[in-house]
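K.L.:
As input, take work-v2.csv (CSV, C-alpha atoms and all ligand atoms):
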```csv
chain,number,residue,atom,x,y,z
A,1,MET,CA,-12.7,-4.9,-20.0
A,2,SER,CA,-13.9,-8.4,-19.6
A,3,GLY,CA,-10.8,-9.8,-17.9
A,4,HIS,CA,-7.4,-9.9,-19.5
A,5,LEU,CA,-6.1,-13.1,-20.9
A,6,ALA,CA,-3.5,-14.3,-18.5
A,7,GLY,CA,-1.6,-17.6,-18.3
A,8,ILE,CA,-1.5,-19.7,-15.2
A,9,ASP,CA,1.7,-18.0,-14.0
A,10,TYR,CA,-0.3,-14.8,-13.4
A,11,HIS,CA,-2.5,-16.7,-11.1
A,12,ARG,CA,0.4,-18.4,-9.4
A,13,ARG,CA,1.9,-15.0,-8.7
A,14,LEU,CA,-1.4,-13.8,-7.1
A,15,LEU,CA,-1.5,-16.9,-4.9
A,16,ALA,CA,2.2,-16.6,-4.1
A,17,ASP,CA,1.5,-13.1,-2.8
A,18,GLU,CA,0.8,-14.2,0.8
A,19,VAL,CA,0.3,-10.7,2.1
A,20,ARG,CA,-2.5,-10.2,-0.3
A,21,THR,CA,-4.0,-13.7,-0.1
A,22,ASN,CA,-3.9,-14.0,3.7
A,23,ALA,CA,-5.5,-10.6,4.1
A,24,PHE,CA,-8.4,-11.7,2.0
A,25,ARG,CA,-8.5,-15.1,3.7
A,26,GLU,CA,-8.7,-13.5,7.2
A,27,ALA,CA,-11.3,-10.9,6.1
A,28,ILE,CA,-13.5,-13.5,4.5
A,29,ALA,CA,-13.2,-15.8,7.6
A,30,ALA,CA,-14.3,-12.8,9.8
A,31,SER,CA,-17.2,-11.7,7.5
A,32,VAL,CA,-18.8,-14.8,6.0
A,33,GLY,CA,-21.2,-17.1,7.9
A,34,PRO,CA,-23.6,-20.0,7.2
A,35,ASP,CA,-26.5,-17.8,6.0
A,36,ASP,CA,-24.4,-16.1,3.4
A,37,VAL,CA,-24.7,-16.3,-0.4
A,38,VAL,CA,-21.3,-15.0,-1.7
A,39,VAL,CA,-20.5,-13.7,-5.2
A,40,ASP,CA,-16.8,-13.7,-6.1
A,41,ILE,CA,-16.2,-11.2,-8.9
A,42,GLY,CA,-13.2,-12.0,-11.0
A,43,ALA,CA,-12.7,-15.4,-9.4
A,44,GLY,CA,-9.5,-16.5,-11.2
A,45,THR,CA,-8.5,-19.9,-9.8
A,46,GLY,CA,-11.4,-19.5,-7.3
A,47,ILE,CA,-9.3,-19.0,-4.2
A,48,LEU,CA,-11.6,-16.4,-2.6
A,49,SER,CA,-14.6,-18.7,-3.3
A,50,LEU,CA,-12.8,-21.5,-1.6
A,51,PHE,CA,-12.1,-19.3,1.4
A,52,ALA,CA,-15.8,-18.3,1.5
A,53,ALA,CA,-16.9,-21.9,1.3
A,54,ARG,CA,-14.4,-22.8,4.1
A,55,ALA,CA,-15.9,-19.9,6.2
A,56,GLY,CA,-19.3,-21.7,5.9
A,57,ALA,CA,-21.1,-19.8,3.2
A,58,ARG,CA,-24.4,-21.5,2.2
A,59,LYS,CA,-23.7,-20.8,-1.5
A,60,VAL,CA,-20.8,-19.2,-3.5
A,61,TYR,CA,-21.0,-18.0,-7.1
A,62,ALA,CA,-17.5,-17.6,-8.6
A,63,VAL,CA,-17.7,-15.4,-11.7
A,64,GLU,CA,-14.7,-15.4,-14.1
A,65,SER,CA,-14.7,-14.2,-17.7
A,66,THR,CA,-11.5,-15.8,-18.9
A,67,ALA,CA,-10.9,-19.5,-19.6
A,68,VAL,CA,-9.2,-20.0,-16.2
A,69,ALA,CA,-12.9,-20.5,-15.2
A,70,HIS,CA,-12.5,-24.1,-16.5
A,71,LEU,CA,-9.6,-24.7,-14.1
A,72,ALA,CA,-11.5,-23.1,-11.2
A,73,ARG,CA,-14.3,-25.6,-11.8
A,74,ARG,CA,-11.8,-28.4,-11.5
A,75,ILE,CA,-10.1,-27.0,-8.5
A,76,VAL,CA,-13.5,-26.6,-6.8
A,77,ALA,CA,-14.4,-30.2,-7.6
A,78,ASP,CA,-11.0,-31.5,-6.5
A,79,ASN,CA,-11.5,-29.9,-3.1
A,80,GLY,CA,-15.0,-31.4,-2.8
A,81,LEU,CA,-16.7,-28.1,-2.8
A,82,ASP,CA,-18.7,-28.3,-6.0
A,83,GLY,CA,-21.9,-28.7,-3.9
A,84,THR,CA,-21.3,-25.2,-2.5
A,85,ILE,CA,-19.4,-23.3,-5.2
A,86,THR,CA,-20.8,-22.8,-8.7
A,87,VAL,CA,-18.3,-21.3,-11.2
A,88,LEU,CA,-20.0,-19.1,-13.8
A,89,HIS,CA,-17.8,-18.6,-16.9
A,90,GLY,CA,-18.9,-15.1,-18.1
A,91,ASP,CA,-18.6,-11.4,-17.8
A,92,ALA,CA,-19.5,-10.1,-14.4
A,93,ARG,CA,-21.1,-7.0,-16.0
A,94,THR,CA,-23.8,-9.1,-17.6
A,95,VAL,CA,-24.0,-12.2,-15.4
A,96,THR,CA,-27.2,-13.1,-13.6
A,97,LEU,CA,-27.5,-15.0,-10.3
A,98,PRO,CA,-30.3,-17.3,-9.3
A,99,GLU,CA,-30.5,-15.5,-5.9
A,100,PRO,CA,-29.2,-12.2,-4.6
A,101,ALA,CA,-25.8,-12.3,-2.8
A,102,THR,CA,-25.4,-11.2,0.8
A,103,VAL,CA,-21.6,-10.8,0.4
A,104,LEU,CA,-19.6,-9.6,-2.7
A,105,VAL,CA,-15.9,-10.4,-2.6
A,106,SER,CA,-13.5,-9.3,-5.2
A,107,GLU,CA,-9.7,-8.9,-5.5
A,108,CYS,CA,-10.2,-6.2,-8.0
A,109,LEU,CA,-7.2,-4.1,-7.2
A,110,GLY,CA,-4.8,-3.0,-9.9
A,111,ASN,CA,-1.5,-1.2,-9.4
A,112,PHE,CA,-2.4,2.1,-7.6
A,113,LEU,CA,-5.9,0.6,-7.8
A,114,MET,CA,-6.7,1.5,-11.4
A,115,SER,CA,-5.0,-0.7,-13.8
A,116,ASP,CA,-7.2,-3.8,-13.9
A,117,GLY,CA,-10.3,-2.1,-15.1
A,118,MET,CA,-12.4,-3.6,-12.4
A,119,ILE,CA,-13.9,-0.4,-11.0
A,120,GLY,CA,-16.6,-0.2,-13.6
A,121,THR,CA,-17.2,-3.9,-13.4
A,122,LEU,CA,-17.7,-3.8,-9.6
A,123,GLU,CA,-20.1,-0.8,-9.9
A,124,SER,CA,-22.2,-2.8,-12.3
A,125,CYS,CA,-22.3,-5.7,-9.9
A,126,ARG,CA,-24.2,-3.9,-7.2
A,127,ARG,CA,-27.3,-5.2,-9.0
A,128,LEU,CA,-26.5,-8.7,-7.8
A,129,LEU,CA,-26.7,-7.8,-4.1
A,130,ALA,CA,-29.4,-8.2,-1.5
A,131,PRO,CA,-30.2,-5.1,0.5
A,132,GLY,CA,-27.6,-4.5,3.1
A,133,ALA,CA,-25.0,-6.9,1.5
A,134,ARG,CA,-21.4,-6.6,2.6
A,135,ILE,CA,-18.7,-5.9,0.1
A,136,ILE,CA,-15.1,-7.0,0.6
A,137,PRO,CA,-13.2,-4.7,0.3
A,138,THR,CA,-15.4,-2.0,1.8
A,139,ALA,CA,-13.2,0.8,0.8
A,140,VAL,CA,-9.8,1.5,-0.8
A,141,ASP,CA,-7.6,4.5,0.0
A,142,LEU,CA,-5.1,6.0,-2.4
A,143,LEU,CA,-1.9,7.5,-0.8
A,144,LEU,CA,0.9,9.5,-2.2
A,145,ALA,CA,4.3,10.7,-0.9
A,146,PRO,CA,7.2,12.5,-2.5
A,147,GLY,CA,10.4,10.5,-2.6
A,148,SER,CA,14.0,10.0,-3.8
A,149,VAL,CA,13.3,7.1,-6.1
A,150,GLY,CA,15.4,7.8,-9.2
A,151,PRO,CA,17.6,4.6,-8.8
A,152,LEU,CA,14.3,2.6,-8.8
A,153,MET,CA,13.4,4.1,-12.2
A,154,GLY,CA,16.4,2.9,-14.3
A,155,GLN,CA,13.9,2.6,-17.2
A,156,LEU,CA,14.1,6.4,-17.6
A,157,SER,CA,17.7,6.4,-18.7
A,158,ALA,CA,17.3,3.2,-20.7
A,159,TRP,CA,16.8,5.2,-24.0
A,160,THR,CA,19.7,7.7,-23.9
A,161,ASP,CA,22.4,5.3,-25.0
A,162,PRO,CA,22.2,3.5,-28.4
A,163,LEU,CA,20.7,0.1,-28.4
A,164,TYR,CA,22.1,-2.5,-30.8
A,165,GLY,CA,23.8,0.4,-32.6
A,166,PHE,CA,20.6,2.4,-33.1
A,167,ARG,CA,19.4,5.7,-31.5
A,168,PHE,CA,16.3,5.4,-29.4
A,169,ASP,CA,16.4,8.7,-27.6
A,170,ALA,CA,13.0,9.6,-29.3
A,171,CYS,CA,11.6,7.5,-26.5
A,172,THR,CA,13.0,9.6,-23.6
A,173,GLY,CA,10.0,12.0,-23.5
A,174,SER,CA,7.6,9.1,-23.3
A,175,ALA,CA,9.7,7.5,-20.6
A,176,GLU,CA,9.5,10.7,-18.5
A,177,ASN,CA,5.8,10.6,-18.9
A,178,ASP,CA,5.3,7.0,-18.0
A,179,ILE,CA,4.7,5.4,-14.6
A,180,TYR,CA,6.8,2.6,-13.0
A,181,GLN,CA,6.3,-0.1,-10.5
A,182,ALA,CA,8.9,-0.8,-7.8
A,183,HIS,CA,9.3,-1.9,-4.2
A,184,VAL,CA,10.2,1.4,-2.5
A,185,PRO,CA,12.3,1.2,0.7
A,186,PRO,CA,10.5,3.4,3.3
A,187,ALA,CA,13.7,5.5,3.7
A,188,CYS,CA,13.3,6.8,0.1
A,189,LEU,CA,10.1,8.7,1.1
A,190,ALA,CA,10.5,12.4,2.1
A,191,THR,CA,7.2,12.3,4.1
A,192,PRO,CA,4.7,9.8,5.2
A,193,GLY,CA,2.0,9.1,2.6
A,194,VAL,CA,-1.2,11.3,2.6
A,195,ARG,CA,-4.5,10.0,1.5
A,196,VAL,CA,-5.7,11.7,-1.7
A,197,ALA,CA,-8.8,9.6,-2.4
A,198,ARG,CA,-11.1,7.0,-0.9
A,199,TRP,CA,-13.2,4.7,-2.9
A,200,GLU,CA,-16.1,3.4,-0.9
A,201,LEU,CA,-17.2,0.4,-2.9
A,202,THR,CA,-20.9,1.3,-2.4
A,203,HIS,CA,-20.2,4.5,-4.3
A,204,PRO,CA,-18.5,5.6,-7.5
A,205,LEU,CA,-14.8,6.4,-7.3
A,206,PRO,CA,-14.5,10.1,-6.6
A,207,GLY,CA,-13.2,11.9,-9.7
A,208,GLY,CA,-9.8,13.6,-9.8
A,209,PRO,CA,-7.7,15.6,-9.7
A,210,TRP,CA,-6.5,14.3,-6.4
A,211,ALA,CA,-4.3,16.9,-4.7
A,212,ALA,CA,-1.7,16.7,-1.9
A,213,GLN,CA,0.5,19.4,-0.4
A,214,TRP,CA,3.6,18.6,1.7
A,215,THR,CA,6.0,20.7,3.7
A,216,LEU,CA,9.2,18.8,3.2
A,217,PRO,CA,10.9,18.0,6.6
A,218,GLU,CA,14.5,17.6,5.5
A,219,ASP,CA,17.0,18.5,2.7
A,220,LYS,CA,16.5,15.8,0.1
A,221,LEU,CA,16.6,15.2,-3.6
A,222,ILE,CA,13.0,14.6,-4.8
A,223,ASP,CA,12.6,12.9,-8.2
A,224,GLY,CA,9.3,11.1,-7.9
A,225,ALA,CA,6.0,10.7,-6.3
A,226,VAL,CA,5.2,7.3,-4.9
A,227,GLY,CA,1.6,6.0,-4.9
A,228,TRP,CA,0.0,2.9,-3.2
A,229,PHE,CA,-3.3,1.8,-1.9
A,230,VAL,CA,-4.6,0.6,1.4
A,231,ALA,CA,-7.7,-1.7,1.1
A,232,HIS,CA,-10.1,-1.9,4.0
A,233,LEU,CA,-11.3,-5.5,3.6
A,234,ALA,CA,-13.5,-5.8,6.7
A,235,PRO,CA,-13.6,-4.2,10.2
A,236,ASP,CA,-10.1,-4.7,11.6
A,237,HIS,CA,-8.8,-6.2,8.3
A,238,THR,CA,-6.6,-4.0,6.2
A,239,LEU,CA,-4.4,-4.7,3.3
A,240,ASP,CA,-1.6,-2.1,3.2
A,241,THR,CA,0.5,-2.1,0.0
A,242,GLY,CA,2.8,0.8,1.0
A,243,PRO,CA,6.6,1.0,1.0
A,244,GLY,CA,8.2,-1.7,3.1
A,245,VAL,CA,5.4,-4.2,2.4
A,246,THR,CA,6.2,-6.8,-0.2
A,247,THR,CA,3.2,-7.6,-2.4
A,248,HIS,CA,3.1,-8.3,-6.1
A,249,TRP,CA,1.8,-4.7,-6.6
A,250,GLY,CA,4.8,-2.9,-5.2
A,251,GLN,CA,4.3,0.8,-5.4
A,252,THR,CA,3.6,3.1,-8.4
A,253,LEU,CA,6.2,5.8,-9.3
A,254,PHE,CA,5.4,9.0,-11.0
A,255,PRO,CA,8.7,10.6,-12.3
A,256,LEU,CA,9.4,14.3,-11.4
A,257,PRO,CA,12.1,16.7,-12.4
A,258,GLN,CA,15.1,16.1,-10.0
A,259,THR,CA,14.8,18.8,-7.4
A,260,GLN,CA,17.0,19.4,-4.4
A,261,VAL,CA,14.8,20.7,-1.7
A,262,ASP,CA,15.6,22.2,1.7
A,263,ALA,CA,13.8,21.5,4.9
A,264,GLY,CA,10.7,23.6,5.0
A,265,ASP,CA,10.2,23.8,1.2
A,266,ARG,CA,6.7,23.0,0.0
A,267,MET,CA,5.5,20.7,-2.7
A,268,ARG,CA,2.1,20.5,-4.4
A,269,PHE,CA,1.1,17.5,-6.4
A,270,GLU,CA,-2.1,16.8,-8.4
A,271,LEU,CA,-2.9,13.5,-10.0
A,272,ASP,CA,-5.7,12.9,-12.4
A,273,VAL,CA,-6.7,9.7,-14.0
A,274,LYS,CA,-8.7,9.3,-17.1
A,275,LEU,CA,-10.2,6.0,-18.0
A,276,GLY,CA,-10.2,5.6,-21.8
A,277,HIS,CA,-11.9,2.9,-23.8
A,278,ASP,CA,-11.3,-0.6,-22.4
A,279,ASP,CA,-11.1,1.1,-19.0
A,280,LEU,CA,-7.3,1.6,-19.4
A,281,ALA,CA,-6.2,4.3,-17.0
A,282,ALA,CA,-3.9,7.1,-18.2
A,283,TYR,CA,-2.4,9.3,-15.5
A,284,HIS,CA,-1.7,13.0,-15.7
A,285,TRP,CA,0.3,14.7,-12.9
A,286,SER,CA,1.4,18.2,-12.2
A,287,GLY,CA,2.5,20.4,-9.4
A,288,SER,CA,5.2,22.7,-8.1
A,289,PHE,CA,8.0,23.2,-5.6
A,290,SER,CA,8.2,26.4,-3.6
A,291,ALA,CA,10.4,27.8,-0.9
A,292,PRO,CA,8.7,28.4,2.5
A,293,ASP,CA,6.1,31.2,2.1
A,294,GLY,CA,7.3,31.8,-1.4
A,295,PRO,CA,5.6,31.4,-4.8
A,296,PRO,CA,6.3,28.2,-6.9
A,297,CYS,CA,9.9,28.2,-8.2
A,298,LEU,CA,9.5,25.0,-10.3
A,299,GLU,CA,6.3,23.8,-11.9
A,300,PHE,CA,5.9,20.4,-13.6
A,301,GLU,CA,3.3,18.8,-15.7
A,302,ARG,CA,3.5,15.2,-17.1
A,303,GLY,CA,1.1,12.6,-18.4
A,304,GLN,CA,1.0,9.2,-19.9
A,305,ASP,CA,0.5,9.3,-23.6
A,306,LEU,CA,-0.5,5.9,-24.7
A,307,ARG,CA,-0.6,7.0,-28.4
A,308,PHE,CA,3.0,8.1,-28.4
A,309,THR,CA,2.4,11.5,-29.9
A,310,PRO,CA,5.4,13.8,-29.6
A,311,TRP,CA,5.2,15.0,-26.1
A,312,ASN,CA,7.7,16.1,-23.6
A,313,ALA,CA,7.5,16.6,-19.9
A,314,VAL,CA,6.9,20.3,-19.1
A,315,ASP,CA,9.2,21.4,-16.3
A,316,ARG,CA,9.2,25.2,-15.9
A,317,SER,CA,11.3,27.3,-13.6
A,318,VAL,CA,9.2,30.3,-12.6
A,401,LIG,C1,-6.6,-9.9,-9.9
A,401,LIG,S1,-7.4,-11.3,-10.5
A,401,LIG,C2,-8.0,-12.1,-9.1
A,401,LIG,C3,-8.2,-13.5,-9.2
A,401,LIG,C4,-8.6,-14.2,-7.9
A,401,LIG,N1,-9.9,-13.7,-7.4
A,401,LIG,C5,-7.6,-14.2,-6.8
A,401,LIG,O1,-7.8,-13.5,-5.9
A,401,LIG,O2,-6.5,-14.8,-7.0
A,401,LIG,C6,-8.8,-10.6,-11.3
A,401,LIG,C7,-9.6,-11.6,-12.1
A,401,LIG,O3,-10.8,-10.9,-12.6
A,401,LIG,C8,-11.1,-11.4,-13.9
A,401,LIG,N2,-12.0,-10.4,-14.5
A,401,LIG,C9,-11.6,-9.2,-14.9
A,401,LIG,N3,-12.7,-8.5,-15.4
A,401,LIG,C10,-13.8,-9.4,-15.3
A,401,LIG,C11,-15.1,-9.3,-15.7
A,401,LIG,N4,-15.7,-8.3,-16.3
A,401,LIG,N5,-15.9,-10.4,-15.4
A,401,LIG,C12,-15.4,-11.5,-14.8
A,401,LIG,N6,-14.1,-11.6,-14.5
A,401,LIG,C13,-13.3,-10.6,-14.7
A,401,LIG,C14,-9.7,-11.6,-14.5
A,401,LIG,O4,-9.8,-12.4,-15.6
A,401,LIG,C15,-8.9,-12.1,-13.4
A,401,LIG,O5,-8.9,-13.5,-13.4
```
Would you put the structure from the file into structure tokens?
Ligand SMILES: C[S@@+](CC[C@H](N)C(=O)[O-])C[C@H]1O[C@@H](n2cnc3c(N)ncnc32)[C@H](O)[C@@H]1O

P.N.:
Amino acid sequence: MSGHLAGIDYHRRLLADEVRTNAFREAIAASVGPDDVVVDIGAGTGILSLFAARAGARKVYAVESTAVAHLARRIVADNGLDGTITVLHGDARTVTLPEPATVLVSECLGNFLMSDGMIGTLESCRRLLAPGARIIPTAVDLLLAPGSVGPLMGQLSAWTDPLYGFRFDACTGSAENDIYQAHVPPACLATPGVRVARWELTHPLPGGPWAAQWTLPEDKLIDGAVGWFVAHLAPDHTLDTGPGVTTHWGQTLFPLPQTQVDAGDRMRFELDVKLGHDDLAAYHWSGSFSAPDGPPCLEFERGQDLRFTPWNAVDRSV
């Protein structure tokens, strides 16, 4: 992917997300100094480059593939920083810099990390770095927790009633196999989140499946798994996008068969992600519920099917 075409309102929403933007601002202020050459991958309006210049960077290269680069150039000039920041309108995967960067900064984070296709892009950008260069973020953790989130996934039942006098229930199977974004109140979670993967930005993202097991602490209806990420931007600077934190990402919901569990029951969950062409992520999730010390009594298997072939969620009582 070379950056999706987005109108200015996409960038306004990013800037309006103060949790996100302030976390990067503070991490950049703590990490960048006067000897630094910074490369900002996926610069958008240039906000992270402006922060780097304000932090005293000697030079900043702002790389943006879409036409918002033209606006970034004007914003940089309007703020009197065109002596420090050079906007490069091009694809970060092929861009070259006149000098190696000592800091790479990128807000490359999609919903549940994956969806913006930036992982491959960032891996290819290590070639732009001087030995020992810092990367912001340094690492990103993926967390999952089971929850009672059905009311937050109204989209699931949207297909069962006729729409404009026509039946659309053919879509129900696809809906049960899709993922949803919502702001999940912490009380909806059945357990705290567990980390299922860590992406160190100096290394490739570890491949799935990513597995979690929980012993459920209380009687509760479980109907989804909730995923989010925590980005470690710099020492002592963390961006947590979990339930209860309001960011534009919210959390990612993976629908599950509605299951009334009792305290002590166990749940296993495995999530796999496959990056297809264009780096689009398709998720596949499976697992089971079991009584304490018993074998699984319900197994489930679901997965996004972006080609809309006939496919239904597999929920098996065993
Ligand atoms: C999530 S936005 C972040 C924008 C800005 N850095 C900020 O924090 O507000 C990611 C940006 O990366 C750009 N992008 C995605 N893939 C790219 C690529 N291969 N090369 C350059 N820019 C890319 C997108 O067009 C988008 O503007």

K.L.:
Under the rule of at most 9 Å, produce a per-residue listing of chain A near ligand LIG 401 (chain A): chain, number, name, the closest pair of atoms, and the distance in Å, as a Markdown table, using only C-alpha atoms and all ligand atoms.

P.N.:
```
| residue | atom | partner | partner_atom | distance |
| --- | --- | --- | --- | --- |
| A:Met1 | CA | A:LIG401 | N3 | 5.8 |
| A:Ser2 | CA | A:LIG401 | N4 | 3.8 |
| A:Gly3 | CA | A:LIG401 | C9 | 3.2 |
| A:His4 | CA | A:LIG401 | O4 | 5.2 |
| A:Leu5 | CA | A:LIG401 | O4 | 6.5 |
| A:Ala6 | CA | A:LIG401 | O4 | 7.2 |
| A:Tyr10 | CA | A:LIG401 | S1 | 8.4 |
| A:His11 | CA | A:LIG401 | O2 | 6.0 |
| A:Arg12 | CA | A:LIG401 | O2 | 8.1 |
| A:Arg13 | CA | A:LIG401 | O2 | 8.6 |
| A:Leu14 | CA | A:LIG401 | O2 | 5.2 |
| A:Leu15 | CA | A:LIG401 | O2 | 5.8 |
| A:Arg20 | CA | A:LIG401 | O1 | 8.4 |
| A:Thr21 | CA | A:LIG401 | O1 | 6.9 |
| A:Phe24 | CA | A:LIG401 | O1 | 8.1 |
| A:Asp40 | CA | A:LIG401 | N1 | 7.0 |
| A:Ile41 | CA | A:LIG401 | C12 | 6.0 |
| A:Gly42 | CA | A:LIG401 | O3 | 3.1 |
| A:Ala43 | CA | A:LIG401 | N1 | 3.8 |
| A:Gly44 | CA | A:LIG401 | O5 | 3.8 |
| A:Thr45 | CA | A:LIG401 | C4 | 6.0 |
| A:Gly46 | CA | A:LIG401 | N1 | 6.0 |
| A:Ile47 | CA | A:LIG401 | C5 | 5.7 |
| A:Leu48 | CA | A:LIG401 | N1 | 5.8 |
| A:Ser49 | CA | A:LIG401 | N1 | 8.0 |
| A:Ala62 | CA | A:LIG401 | N1 | 8.6 |
| A:Val63 | CA | A:LIG401 | C12 | 5.5 |
| A:Glu64 | CA | A:LIG401 | N6 | 3.9 |
| A:Ser65 | CA | A:LIG401 | C12 | 4.0 |
| A:Thr66 | CA | A:LIG401 | O4 | 5.0 |
| A:Ala67 | CA | A:LIG401 | O4 | 8.2 |
| A:Val68 | CA | A:LIG401 | O5 | 7.1 |
| A:Ala69 | CA | A:LIG401 | O5 | 8.3 |
| A:Leu88 | CA | A:LIG401 | C12 | 8.9 |
| A:His89 | CA | A:LIG401 | C12 | 7.8 |
| A:Gly90 | CA | A:LIG401 | C12 | 6.0 |
| A:Asp91 | CA | A:LIG401 | N5 | 3.7 |
| A:Ala92 | CA | A:LIG401 | N5 | 3.7 |
| A:Arg93 | CA | A:LIG401 | N4 | 5.6 |
| A:Thr94 | CA | A:LIG401 | N4 | 8.2 |
| A:Val95 | CA | A:LIG401 | N5 | 8.3 |
| A:Val105 | CA | A:LIG401 | N1 | 8.4 |
| A:Ser106 | CA | A:LIG401 | N1 | 6.1 |
| A:Glu107 | CA | A:LIG401 | O1 | 5.0 |
| A:Cys108 | CA | A:LIG401 | C1 | 5.5 |
| A:Leu109 | CA | A:LIG401 | C1 | 6.4 |
| A:Gly110 | CA | A:LIG401 | C1 | 7.1 |
| A:Asp116 | CA | A:LIG401 | C9 | 7.0 |
| A:Gly117 | CA | A:LIG401 | N3 | 6.8 |
| A:Met118 | CA | A:LIG401 | N3 | 5.8 |
| A:Gly120 | CA | A:LIG401 | N4 | 8.6 |
| A:Thr121 | CA | A:LIG401 | N4 | 5.5 |
| A:Leu122 | CA | A:LIG401 | N4 | 8.3 |
```

K.L.:
Of the candidates A:Asn79, A:Thr138, A:Ser317, A:Gln181, which one gets nearest to A:Trp199 if we count all atoms listed in the file?

P.N.:
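Selected residue with least distance to A:Trp199: A:Thr138.
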
K.L.:
Can you tell me, as a list in words, what residues are no more than 8 Å from A:Arg198 when counting only C-alpha atoms, ignoring any on the same chain fewer than 5 positions away?

P.N.:
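Once the nearby chain positions are removed, what remains is Ala139, Val140, Asp141, Leu142, Leu205 and Pro206 of chain A.
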
K.L.:
Can you tell me, as a list in words, what residues are no more than 6 Å from A:Val38 when counting all atoms listed in the file, ignoring any on the same chain fewer than 6 positions away?

P.N.:
Val60, Ala101, Val103 and Leu104 of chain A

K.L.:
May I have the residues at most 12 Å from (-17.8, -30.2, 0.0) in the file's coordinates, counting all atoms listed in the file, as a PyMOL selection string?

P.N.:
chain A and resi 50+53-54+56-60+75-86

K.L.:
Between A:Val194, A:Ala175, A:Val230, A:Ala263, which one has atoms that come closest to A:Thr247, using all atoms listed in the file?

P.N.:
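For A:Thr247, the nearest of the candidates is A:Val230.
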
K.L.:
Which of these, A:Asp9, A:Asp169, A:Asp236, A:Asp178, has the shortest distance to A:Ile28 once you count all atoms listed in the file?

P.N.:
A:Asp236

K.L.:
Atom CA of A:Val87 and atom CA of A:Leu128, how far apart in Å?

P.N.:
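Separation between atom CA of A:Leu128 and atom CA of A:Val87: 15.4 Å.
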
K.L.:
Find the residues around stretch 148-154 of chain A up to 9 Å (all atoms listed in the file counted), leave out those fewer than 6 positions away in its own chain, and share them as a PyMOL selection string.

P.N.:
chain A and resi 180-184+187-190+220-226+253+255+258

K.L.:
Here is a test: counting all atoms listed in the file, which residue of A:Glu176, A:Glu123, A:Asp272, A:Asp240 is nearest to A:Leu156?

P.N.:
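Of all the options, A:Glu176 lies closest to A:Leu156.
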
K.L.:
In Å to one decimal, how far is atom CA of A:Arg266 from atom CA of A:Gly193?

P.N.:
14.9 Å

K.L.:
With the input short on atoms, add N, CA and C atoms back to stretch 65-76 of chain A and write it as a PDB file, keeping the file's coordinate frame.

P.N.:
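The result, written out as rebuild-v5.pdb:
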```pdb
ATOM      1  N   SER A  65     -14.416 -14.329 -16.228  1.00  0.00           N
ATOM      2  CA  SER A  65     -14.700 -14.200 -17.700  1.00  0.00           C
ATOM      3  C   SER A  65     -13.700 -14.944 -18.534  1.00  0.00           C
ATOM      4  N   THR A  66     -12.484 -15.174 -18.040  1.00  0.00           N
ATOM      5  CA  THR A  66     -11.500 -15.800 -18.900  1.00  0.00           C
ATOM      6  C   THR A  66     -11.577 -17.353 -18.719  1.00  0.00           C
ATOM      7  N   ALA A  67     -10.821 -18.055 -19.575  1.00  0.00           N
ATOM      8  CA  ALA A  67     -10.900 -19.500 -19.600  1.00  0.00           C
ATOM      9  C   ALA A  67     -10.334 -20.151 -18.326  1.00  0.00           C
ATOM     10  N   VAL A  68      -9.707 -19.367 -17.468  1.00  0.00           N
ATOM     11  CA  VAL A  68      -9.200 -20.000 -16.200  1.00  0.00           C
ATOM     12  C   VAL A  68     -10.451 -20.447 -15.395  1.00  0.00           C
ATOM     13  N   ALA A  69     -11.644 -20.021 -15.792  1.00  0.00           N
ATOM     14  CA  ALA A  69     -12.900 -20.500 -15.200  1.00  0.00           C
ATOM     15  C   ALA A  69     -12.935 -22.065 -15.239  1.00  0.00           C
ATOM     16  N   HIS A  70     -12.446 -22.614 -16.357  1.00  0.00           N
ATOM     17  CA  HIS A  70     -12.500 -24.100 -16.500  1.00  0.00           C
ATOM     18  C   HIS A  70     -11.609 -24.746 -15.397  1.00  0.00           C
ATOM     19  N   LEU A  71     -10.444 -24.130 -15.170  1.00  0.00           N
ATOM     20  CA  LEU A  71      -9.600 -24.700 -14.100  1.00  0.00           C
ATOM     21  C   LEU A  71     -10.206 -24.487 -12.752  1.00  0.00           C
ATOM     22  N   ALA A  72     -10.825 -23.309 -12.547  1.00  0.00           N
ATOM     23  CA  ALA A  72     -11.500 -23.100 -11.200  1.00  0.00           C
ATOM     24  C   ALA A  72     -12.491 -24.139 -10.952  1.00  0.00           C
ATOM     25  N   ARG A  73     -13.227 -24.523 -11.973  1.00  0.00           N
ATOM     26  CA  ARG A  73     -14.300 -25.600 -11.800  1.00  0.00           C
ATOM     27  C   ARG A  73     -13.615 -26.875 -11.319  1.00  0.00           C
ATOM     28  N   ARG A  74     -12.471 -27.209 -11.932  1.00  0.00           N
ATOM     29  CA  ARG A  74     -11.800 -28.400 -11.500  1.00  0.00           C
ATOM     30  C   ARG A  74     -11.233 -28.333 -10.116  1.00  0.00           C
ATOM     31  N   ILE A  75     -10.684 -27.156  -9.807  1.00  0.00           N
ATOM     32  CA  ILE A  75     -10.100 -27.000  -8.500  1.00  0.00           C
ATOM     33  C   ILE A  75     -11.202 -27.088  -7.412  1.00  0.00           C
ATOM     34  N   VAL A  76     -12.351 -26.484  -7.706  1.00  0.00           N
ATOM     35  CA  VAL A  76     -13.500 -26.600  -6.800  1.00  0.00           C
ATOM     36  C   VAL A  76     -13.892 -28.022  -6.569  1.00  0.00           C
TER      37      VAL A  76
END
```
